[in-house]
Every structure is written in C-alpha cells, then in structure tokens.
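**Q** Below is query-v5.cif; it holds mmCIF, C-alpha atoms.
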```cif
data_protein
loop_
_atom_site.label_atom_id
_atom_site.label_comp_id
_atom_site.auth_asym_id
_atom_site.auth_seq_id
_atom_site.Cartn_x
_atom_site.Cartn_y
_atom_site.Cartn_z
CA MET A 108 -9.65 2.83 24.89
CA LYS A 109 -7.01 5.27 26.12
CA GLU A 110 -8.14 8.89 26.06
CA VAL A 111 -6.66 10.88 23.19
CA LYS A 112 -6.16 14.60 23.67
CA ILE A 113 -5.72 17.14 20.89
CA CYS A 114 -4.65 20.73 21.53
CA ILE A 115 -5.70 23.47 19.11
CA LEU A 116 -3.05 26.22 18.97
CA VAL A 117 -4.26 29.71 18.08
CA PRO A 118 -1.62 32.49 17.85
CA VAL A 119 -3.04 36.02 18.05
CA HIS A 120 -1.80 39.59 18.10
CA ASN A 121 -4.41 42.34 18.48
CA ARG A 122 -7.35 42.25 16.00
CA LEU A 123 -9.74 41.46 18.86
CA GLU A 124 -12.79 41.53 16.59
CA VAL A 125 -11.23 38.86 14.36
CA THR A 126 -10.41 36.69 17.39
CA GLN A 127 -13.97 37.10 18.69
CA SER A 128 -15.43 35.85 15.43
CA GLY A 129 -12.85 33.08 15.05
CA LEU A 130 -13.27 31.72 18.58
CA ALA A 131 -17.06 31.82 18.27
CA SER A 132 -16.86 29.69 15.13
CA LEU A 133 -14.30 27.34 16.70
CA SER A 134 -16.38 26.98 19.86
CA LYS A 135 -19.52 26.21 17.86
CA ALA A 136 -17.78 23.40 15.95
CA LEU A 137 -16.31 21.97 19.17
CA ASP A 138 -19.73 22.08 20.86
CA TYR A 139 -21.22 20.18 17.94
CA TYR A 140 -18.51 17.56 18.29
CA LYS A 141 -19.09 17.18 22.03
CA SER A 142 -22.83 16.78 21.50
CA ASN A 143 -22.64 14.32 18.63
CA SER A 144 -19.56 12.18 19.19
CA ILE A 145 -19.01 8.96 21.10
CA ASN A 146 -15.25 8.54 20.57
CA SER A 147 -12.55 9.11 23.17
CA ILE A 148 -10.91 12.28 21.85
CA LYS A 149 -10.83 15.36 24.06
CA TYR A 150 -10.01 18.81 22.68
CA LYS A 151 -8.13 21.59 24.43
CA VAL A 152 -7.64 25.13 23.09
CA VAL A 153 -4.53 27.20 23.74
CA VAL A 154 -4.39 30.82 22.58
CA ILE A 155 -0.93 32.37 22.42
CA ASP A 156 -1.48 36.10 22.86
CA ASP A 157 1.70 37.71 21.56
CA GLY A 158 1.64 41.08 23.29
CA SER A 159 -1.82 42.29 22.26
CA SER A 160 -2.64 45.81 23.45
CA ASP A 161 -6.37 45.72 22.71
CA GLY A 162 -7.56 43.62 25.65
CA THR A 163 -7.52 40.33 23.74
CA GLY A 164 -6.16 38.23 26.60
CA LYS A 165 -8.55 39.70 29.19
CA TRP A 166 -11.55 39.21 26.90
CA ILE A 167 -10.68 35.54 26.20
CA ARG A 168 -10.22 34.76 29.90
CA GLU A 169 -13.61 36.30 30.69
CA GLN A 170 -15.56 34.77 27.81
CA TYR A 171 -13.80 31.40 27.49
CA PRO A 172 -12.46 30.37 30.92
CA ASP A 173 -11.65 26.87 29.62
CA ILE A 174 -9.19 28.24 27.06
CA HIS A 175 -5.56 28.39 28.17
CA VAL A 176 -4.04 31.79 27.37
CA LEU A 177 -0.25 32.07 27.09
CA ASN A 178 1.39 35.48 26.91
CA GLY A 179 4.14 36.72 24.62
CA ASP A 180 5.92 40.06 24.51
CA GLY A 181 5.10 40.88 20.87
CA ASN A 182 8.24 39.26 19.47
CA LEU A 183 7.09 35.66 19.12
CA TRP A 184 5.48 36.04 15.72
CA TRP A 185 3.80 32.93 14.25
CA SER A 186 6.56 30.33 14.63
CA GLY A 187 7.54 31.46 18.12
CA ALA A 188 3.92 31.44 19.24
CA ILE A 189 3.38 27.93 17.86
CA ASN A 190 6.55 26.73 19.61
CA LYS A 191 5.40 28.21 22.91
CA GLY A 192 1.96 26.69 22.54
CA ALA A 193 3.25 23.29 21.45
CA LEU A 194 5.71 23.07 24.35
CA PHE A 195 2.92 23.89 26.81
CA ALA A 196 0.48 21.47 25.17
CA ILE A 197 2.95 18.57 25.14
CA ASN A 198 4.68 19.12 28.49
CA GLU A 199 1.82 20.47 30.61
CA LEU A 200 -1.39 19.23 29.00
CA LYS A 201 0.15 15.92 27.87
CA VAL A 202 -1.67 15.94 24.53
CA SER A 203 -1.26 13.33 21.81
CA PHE A 204 -1.67 15.77 18.90
CA VAL A 205 -1.49 19.49 18.22
CA THR A 206 -3.66 21.22 15.61
CA LEU A 207 -2.41 24.45 14.06
CA TRP A 208 -5.12 27.08 13.85
CA ASN A 209 -5.60 30.79 13.10
CA ASN A 210 -8.06 33.32 14.48
CA ASP A 211 -9.24 34.17 10.95
CA ILE A 212 -10.39 30.70 9.88
CA LEU A 213 -13.86 29.20 10.15
CA PRO A 214 -14.40 25.42 10.28
CA THR A 215 -17.44 23.56 9.03
CA GLN A 216 -19.82 22.37 11.73
CA LYS A 217 -18.68 18.74 11.54
CA TYR A 218 -14.96 19.55 11.23
CA PHE A 219 -13.86 18.09 14.58
CA SER A 220 -16.11 15.05 14.28
CA ILE A 221 -14.42 14.30 10.95
CA LEU A 222 -10.95 15.07 12.31
CA SER A 223 -11.48 12.74 15.26
CA LYS A 224 -12.40 9.83 13.00
CA SER A 225 -9.46 10.60 10.71
CA ILE A 226 -6.98 10.71 13.60
CA LEU A 227 -8.24 7.49 15.16
CA SER A 228 -8.04 5.72 11.80
CA HIS A 229 -4.62 7.13 10.79
CA PRO A 230 -2.70 8.25 13.91
CA SER A 231 0.81 8.06 12.42
CA GLN A 232 0.73 10.92 9.93
CA ILE A 233 0.39 14.67 9.62
CA THR A 234 -3.18 15.43 8.59
CA GLY A 235 -4.08 18.55 6.64
CA SER A 236 -7.27 20.32 5.61
CA ILE A 237 -8.65 21.85 2.46
CA ILE A 238 -8.76 25.63 2.88
CA TYR A 239 -11.25 27.74 0.95
CA ASN A 240 -11.20 31.51 0.48
CA TYR A 241 -14.14 32.70 2.57
CA GLU A 242 -15.06 35.45 0.11
CA THR A 243 -14.74 33.59 -3.20
CA LYS A 244 -15.42 30.04 -1.94
CA LYS A 245 -12.54 28.86 -4.14
CA ILE A 246 -9.75 26.59 -2.90
CA TRP A 247 -7.03 28.74 -1.35
CA SER A 248 -4.68 25.97 -0.25
CA LEU A 249 -4.57 22.24 0.33
CA GLY A 250 -0.86 21.61 0.47
CA GLY A 251 1.05 20.27 -2.48
CA ARG A 252 4.33 19.21 -4.02
CA PHE A 253 7.69 20.96 -4.04
CA ASN A 254 10.33 20.58 -6.75
CA ILE A 255 13.76 20.78 -5.09
CA LEU A 256 15.43 21.55 -8.42
CA THR A 257 13.22 24.39 -9.66
CA GLY A 258 11.70 25.59 -6.39
CA LYS A 259 8.24 25.28 -7.88
CA ARG A 260 5.33 24.65 -5.54
CA THR A 261 2.35 22.89 -7.07
CA MET A 262 -1.15 22.49 -5.75
CA ASN A 263 -3.52 20.03 -7.40
CA PRO A 264 -7.18 20.68 -6.49
CA ASP A 265 -8.34 18.13 -9.07
CA LYS A 266 -6.63 15.39 -7.09
CA ILE A 267 -8.79 15.91 -4.00
CA LYS A 268 -11.11 13.35 -5.58
CA LYS A 269 -8.73 10.88 -3.99
CA SER A 270 -9.55 11.53 -0.34
CA ARG A 271 -6.15 10.60 1.09
CA TYR A 272 -3.63 12.05 -1.34
CA THR A 273 -0.07 12.34 0.00
CA TYR A 274 1.63 15.76 -0.08
CA GLU A 275 5.02 17.26 0.74
CA TRP A 276 3.96 20.52 2.41
CA LEU A 277 1.00 22.05 4.21
CA THR A 278 0.08 25.46 5.55
CA GLY A 279 -0.23 26.22 9.25
CA MET A 280 -4.04 26.20 9.19
CA GLY A 281 -5.97 23.07 10.02
CA THR A 282 -2.88 20.90 10.23
CA THR A 283 -2.78 18.19 12.92
CA ILE A 284 0.55 16.70 14.04
CA PRO A 285 1.23 13.82 16.43
CA SER A 286 3.14 15.16 19.43
CA SER A 287 5.66 12.34 19.17
CA PHE A 288 6.63 13.52 15.68
CA ILE A 289 7.56 17.04 16.75
CA GLU A 290 10.74 15.95 18.51
CA LYS A 291 11.73 13.94 15.44
CA ILE A 292 11.11 16.82 13.05
CA GLY A 293 12.33 19.58 15.34
CA TYR A 294 10.21 22.52 16.40
CA TRP A 295 9.31 25.41 14.10
CA ASP A 296 12.27 27.57 13.01
CA ASP A 297 11.36 30.84 14.70
CA LYS A 298 14.77 32.38 14.04
CA ASN A 299 14.94 32.05 10.26
CA PHE A 300 11.20 31.97 9.56
CA PRO A 301 9.42 33.80 12.38
CA GLN A 302 6.26 34.54 10.40
CA TYR A 303 6.06 33.18 6.86
CA HIS A 304 7.57 29.88 5.63
CA GLY A 305 7.64 28.43 9.15
CA ASP A 306 4.80 26.03 8.36
CA PHE A 307 6.19 25.23 4.89
CA ASP A 308 9.67 24.54 6.27
CA PHE A 309 8.31 22.33 9.07
CA THR A 310 6.34 20.04 6.77
CA LEU A 311 9.15 19.83 4.21
CA ARG A 312 11.47 18.71 6.99
CA ALA A 313 8.86 16.14 8.03
CA ASN A 314 8.62 14.86 4.46
CA LYS A 315 12.41 14.51 4.23
CA ILE A 316 12.50 12.06 7.13
CA GLY A 317 9.64 10.00 5.72
CA ILE A 318 6.69 11.19 7.80
CA PRO A 319 3.45 10.83 5.79
CA ILE A 320 1.68 14.12 5.04
CA VAL A 321 -1.95 13.62 4.04
CA VAL A 322 -4.84 15.90 3.15
CA ASP A 323 -8.31 14.67 4.04
CA GLU A 324 -10.83 16.16 1.59
CA LYS A 325 -13.59 16.05 4.21
CA LEU A 326 -11.71 18.45 6.49
CA VAL A 327 -12.84 21.86 5.26
CA ILE A 328 -12.08 25.30 6.68
CA TYR A 329 -12.57 28.83 5.34
CA ASN A 330 -9.90 31.52 5.58
CA ILE A 331 -10.73 35.23 5.61
CA THR A 332 -7.77 36.06 3.38
CA LYS A 333 -8.05 39.85 3.65
CA TYR A 334 -6.31 39.55 7.01
CA SER A 335 -3.39 37.58 5.59
CA GLY A 336 -0.16 39.53 5.68
CA TYR A 337 1.24 42.81 4.40
CA LYS A 338 0.80 43.77 0.75
CA GLY A 339 1.94 46.85 -1.11
CA LYS A 340 -0.61 49.26 -2.58
CA ASP A 341 1.73 51.83 -4.18
CA ILE A 342 5.40 52.22 -5.11
CA ARG A 343 6.57 52.90 -1.57
CA THR A 344 4.67 50.09 0.13
CA PHE A 345 5.41 47.69 -2.74
CA PHE A 346 9.16 47.98 -2.21
CA LYS A 347 8.66 47.89 1.54
CA SER A 348 7.26 44.38 1.03
CA PHE A 349 10.75 43.11 0.21
CA ASN A 350 12.48 44.66 3.23
CA LYS A 351 14.16 42.09 5.48
CA ASN A 352 12.69 43.79 8.56
CA ASN A 353 9.12 43.58 7.28
CA LEU A 354 8.22 40.24 8.87
CA ARG A 355 4.52 40.71 8.11
CA SER A 356 5.19 40.47 4.37
CA ARG A 357 5.06 37.14 2.54
CA TYR A 358 7.35 38.84 -0.05
CA ASN A 359 10.20 39.44 2.42
CA LEU A 360 13.17 38.86 0.11
CA SER A 361 15.58 37.70 2.79
CA LYS A 362 13.18 35.03 4.05
CA ASP A 363 12.32 33.90 0.52
CA ILE A 364 15.98 33.40 -0.33
CA LYS A 365 16.57 31.46 2.91
CA ILE A 366 13.72 29.02 2.32
CA TYR A 367 14.82 28.29 -1.27
CA LYS A 368 18.46 27.86 -0.27
CA ARG A 369 17.52 25.47 2.52
CA HIS A 370 15.33 23.16 0.48
CA CYS A 371 16.55 23.45 -3.13
CA LYS A 372 19.50 22.02 -5.02
CA GLY A 373 21.32 24.34 -7.41
CA TYR A 374 20.14 27.82 -8.35
CA LEU A 375 17.13 27.34 -10.62
CA TRP A 376 14.98 28.42 -7.68
CA ILE A 377 15.94 32.00 -8.59
CA LEU A 378 13.56 31.73 -11.54
CA ALA A 379 10.73 30.63 -9.25
CA LEU A 380 11.41 33.60 -6.97
CA LEU A 381 11.45 36.01 -9.91
CA LYS A 382 8.16 34.58 -11.16
CA LYS A 383 6.57 35.02 -7.74
CA ASP A 384 7.65 38.65 -7.52
CA MET A 385 6.63 39.42 -11.11
CA ILE A 386 3.13 38.08 -10.41
CA TYR A 387 3.04 40.29 -7.31
CA LEU A 388 4.11 43.28 -9.45
CA TYR A 389 1.38 42.51 -11.98
CA GLU A 390 -1.33 42.13 -9.34
CA THR A 391 -0.29 45.33 -7.56
CA PHE A 392 0.04 47.75 -10.48
CA ILE A 393 -1.66 46.25 -13.53
CA LYS A 394 -4.42 43.79 -12.67
CA ARG A 395 -6.23 46.13 -10.30
CA TYR A 396 -6.53 48.89 -12.94
#
```
Before we go any further, please render this structure as structure tokens.
**A**
Amino acid sequence: MKEVKICILVPVHNRLEVTQSGLASLSKALDYYKSNSINSIKYKVVVIDDGSSDGTGKWIREQYPDIHVLNGDGNLWWSGAINKGALFAINELKVSFVTLWNNDILPTQKYFSILSKSILSHPSQITGSIIYNYETKKIWSLGGRFNILTGKRTMNPDKIKKSRYTYEWLTGMGTTIPSSFIEKIGYWDDKNFPQYHGDFDFTLRANKIGIPIVVDEKLVIYNITKYSGYKGKDIRTFFKSFNKNNLRSRYNLSKDIKIYKRHCKGYLWILALLKKDMIYLYETFIKRY
C-alpha cells in the first residue's frame, strides 16, 4: 500500500507555556499511534511561529527536533499561518492530508489511531472532530448547518449518535482535509478573515462545491477555551470588541458583516448578527452578576 502522509498544522504566537502543554499532549497521542498501529500512515508536525517574542521557536527546535518550524513576522494571524503551513506541507513534504490543530487543544490517547482508520476508510471527504470544553467537559463544537437565508448556525449534539453525520461547516480544530481538495476549494482567505471566520468560510466554500464534510464521533479533542480570543470585561473593552482593527475579537463587526454578506442571501442575517451581539451583551454585563 502506498504510504499516506498527514501533516498537522499548529499556528502559534507567544503563549509558550500553552504550546509546551499542547505539544506534550500531541506528542503523547502520536507516540501511542506509532506504538500501536500497523497501517501505512505517517504523521508530520509543522508549527507556524508567527513572530513569537518569548522563545517559542527556539524551545520547539530544541525539544522537538522532528517538528518543522516555519517563521512569520507577526502579521500572519490564523489564516495566514495555515496557508503558509499548508503550502509547505503540500509542496515540500508532499503530504496527502493536512490536519488543522491549535496549541490549546488536547486529543484523546487514541485520537490518531482513530483518525488513521477513518482516513483510510473515507479518503475523499473533509473529516472533523467533536470538540469538548476542557473545563466543563461539555460539547463546545462539532460543526453544523448554516441557513443562507437567516444566517443561523445550528449545532446538533444529539445527532452524534449517527457516527458519520454530514455537516456544512467545521472549526479549525481537529479538521483533516485532503491536499488535493485545497486547490479546488481555494486556500484560506487571510485578507478578509485573517483570524476568525477563516475556518468557517473555508468549509462553507467546500460544501458549496459538493465536497463531503463529515464529523466522526470517535474523534474527540478538548479545547482550553479560556485562551480563545478577546472578550470585553467592561464598557470600554466591550465596545473595543467590535472595532475593525481588533482581529483577536470574534465580535469584530467588520468581519462579521463580511462573512454574512458572502454566504447569505438577502438581509435577514442582520437579525442573526444582532442576536449574537445581544447574547454577548447579556453574558458580559448581566449573567456574570
């Protein structure tokens, strides 16, 4: 059987202690796979260090010499880092698949053994994972549906009972994509969605051209959500969340409007956006007190 290579892409920017924990967990799961698997899949890890100033790149090279470290200047953000990593993985490492990863996620021990079997059984699809909140152990994301008329995203945890349920979008954590599909879909839109919505936009574009998007319920990872993005804590920081220059905020108004305009028909999406921001308002100033 021809050797299949999968490249795990990990974008990082500072937060060395988070990267240390994340790579330790990733390495442990990969070691388990290597010790307990007989299939032909080989895994490579590429870390895209986007201008870290805390010694992240040096530490990774010393502790994990087998990991490829690519350097950015601090302006790649998530989508740019994934593009850089994917181009390197496909053109230089000649991999068959890329797996999107974060430094703040922890896989189960058998994650890569399960992923390998899933990929070999269903190679012509995008394969997603179920993501749990590390602190609460509740489902945080598993992809879902998107209504192009209302802009409503839905996630259906009850439907994971069906192990291969087809979805329309996935997050950028634990998502594996055949390399051959990336040229068909187009790379991640690092100009319009440099940080948030890049993963959402990519999988919606894949869905539009008929590429199957599947979540395998056996693929489980845990996300330490406290590291996820900028959130307001008072009046000043709350309104800063909406600023077009605040790329770390998942409430960036300019980016939200762009993603709805790109993928929705009509203007009912405005109601979905208002609902999102009202929930954010409630959680920031009312729920916490």
**Q** For this structure, which residues satisfy the selection - the PyMOL selection byres ((chain A and resi 338) around 12) - when it is evaluated on the file as given? I want them as a PyMOL selection string.
**A** chain A and resi 332-337+339-350+353-359+384+387-388+390-392
**Q** Can I get the residues of segment 182-280 of chain A within 7 Å of segment 152-172 of chain A, each with the closest pair of atoms and their distance in Å to one decimal, using only C-alpha atoms, sorted chain first then ascending number, as CSV?
**A**
```
residue,atom,partner,partner_atom,distance
A:Leu183,CA,A:Asp157,CA,6.3
A:Ala188,CA,A:Ile155,CA,5.9
A:Gly192,CA,A:Ile155,CA,6.4
```
**Q** Work out how far apart atom CA of Gly181 of chain A and atom CA of Ile115 of chain A are and give it in Å to one decimal.
**A** 20.6 Å
**Q** Could you pull the residues within 8 Å of segment 226-239 of chain A, counting all atoms listed in the file, minus those fewer than 3 positions along the same chain, as a ChimeraX atom specification?
**A** /A:222-223,243-250,277,280-285,318-330
**Q** With C-alpha atoms kept, could you save the residues just selected as a compact mmCIF listing (two decimals), keeping the file's coordinate frame?
**A**
```txt
# COMPACT_ATOMS: atom_id res chain seq x y z
CA LEU A 222 -10.95 15.07 12.31
CA SER A 223 -11.48 12.74 15.26
CA THR A 243 -14.74 33.59 -3.20
CA LYS A 244 -15.42 30.04 -1.94
CA LYS A 245 -12.54 28.86 -4.14
CA ILE A 246 -9.75 26.59 -2.90
CA TRP A 247 -7.03 28.74 -1.35
CA SER A 248 -4.68 25.97 -0.25
CA LEU A 249 -4.57 22.24 0.33
CA GLY A 250 -0.86 21.61 0.47
CA LEU A 277 1.00 22.05 4.21
CA MET A 280 -4.04 26.20 9.19
CA GLY A 281 -5.97 23.07 10.02
CA THR A 282 -2.88 20.90 10.23
CA THR A 283 -2.78 18.19 12.92
CA ILE A 284 0.55 16.70 14.04
CA PRO A 285 1.23 13.82 16.43
CA ILE A 318 6.69 11.19 7.80
CA PRO A 319 3.45 10.83 5.79
CA ILE A 320 1.68 14.12 5.04
CA VAL A 321 -1.95 13.62 4.04
CA VAL A 322 -4.84 15.90 3.15
CA ASP A 323 -8.31 14.67 4.04
CA GLU A 324 -10.83 16.16 1.59
CA LYS A 325 -13.59 16.05 4.21
CA LEU A 326 -11.71 18.45 6.49
CA VAL A 327 -12.84 21.86 5.26
CA ILE A 328 -12.08 25.30 6.68
CA TYR A 329 -12.57 28.83 5.34
CA ASN A 330 -9.90 31.52 5.58
```
**Q** Just how far from atom CA of Asp363 of chain A is atom CA of Thr257 of chain A, in Å to one decimal?
**A**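 Between these atoms lies a distance of 14.0 Å.
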**Q** Nearest to Ala313 of chain A: which of A:Gly258, A:Gly293, A:Pro118, A:Pro301 is it, counting all atoms listed in the file?
**A**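 Using all atoms listed in the file, the shortest distance to Ala313 of chain A belongs to A:Gly293.
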**Q** Can you turn the PyMOL selection byres ((chain A and resi 112) around 8) into a concrete residue list for this file, as a PyMOL selection string?
**A** chain A and resi 110-111+113-114+148-151+201-204
**Q** Check the smallest atom-to-atom distance from each of A:Ile174, A:Met262, A:Ile366, A:Ile212 to Leu311 of chain A using only C-alpha atoms, then report the winner.
**A**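 Nearest candidate to Leu311 of chain A out of A:Ile174, A:Met262, A:Ile366, A:Ile212: A:Ile366.
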**Q** What does the distance between atom CA of Glu275 of chain A and atom CA of Arg252 of chain A come to in Å, to one decimal place?
**A** 5.2 Å
**Q** Written as a PyMOL selection string, what is the full residue list that the PyMOL selection byres ((chain A and resi 189) around 12) yields on the file shown?
**A** chain A and resi 114-119+153-157+177-179+183-188+190-197+205-209+279-280+289+294-297+301-302+305-306+309
**Q** Which residue out of A:Ile292, A:Ala136, A:Ile331, A:Leu375 has the minimum interatomic distance to Asn314 of chain A when all atoms listed in the file are used?
**A**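 When distances to Asn314 of chain A are compared using all atoms listed in the file, the smallest one comes from A:Ile292.
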**Q** Could you check the closest approach to Phe219 of chain A for each of A:Lys291, A:Arg260, A:Lys141, A:Arg122 and tell me which residue wins, using all atoms listed in the file?
**A**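 Of all the options, A:Lys141 lies closest to Phe219 of chain A.
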**Q** With all atoms listed in the file as the counted atoms, please give the residues lying no more than 10 Å from Lys259 of chain A, apart from itself and same-chain residues fewer than 6 positions off, as a PyMOL selection string.
**A** chain A and resi 252-253+367+371+375-376+378-380+382-383
**Q** Do a neighbour search on Arg369 of chain A at 10 Å with only C-alpha atoms, toss out local chain neighbours closer than 5 positions, and write the hits as a PyMOL selection string.
**A** chain A and resi 255+308+364
**Q** List the neighbours of Ser132 of chain A out to 9 Å using only C-alpha atoms; skip same-chain residues closer than 4 positions along the sequence, and give me the result as a list of chain:residue names.
**A**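 Once the adjacent positions are removed, what remains is A:Gln127, A:Ser128, A:Ala136, A:Leu137, A:Ile212, A:Leu213, A:Pro214, A:Thr215, A:Gln216.
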**Q** Would you mind telling me which residue in A:Asn352, A:Ser147, A:Asn210, A:Asn198 lies nearest to Glu124 of chain A when using all atoms listed in the file?
**A**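 Checking each of A:Asn352, A:Ser147, A:Asn210, A:Asn198 against Glu124 of chain A, counting all atoms listed in the file, the winner is A:Asn210.
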**Q** Measuring atom to atom with all atoms listed in the file, identify which of A:Gly373, A:Leu360, A:Asn240, A:Asp211 is nearest to Tyr303 of chain A.
**A**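 Comparing A:Gly373, A:Leu360, A:Asn240, A:Asp211 against Tyr303 of chain A, the winner is A:Leu360.
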**Q** Work out where the centre of an axis-aligned box around every listed atom of segment 166-179 of chain A lies and how long its edges are once 8 Å is added on each side; give both in Å to one decimal as lines of an AutoDock Vina configuration file.
**A**
```
center_x = -5.7
center_y = 33.0
center_z = 27.8
size_x = 35.7
size_y = 28.3
size_z = 22.3
```
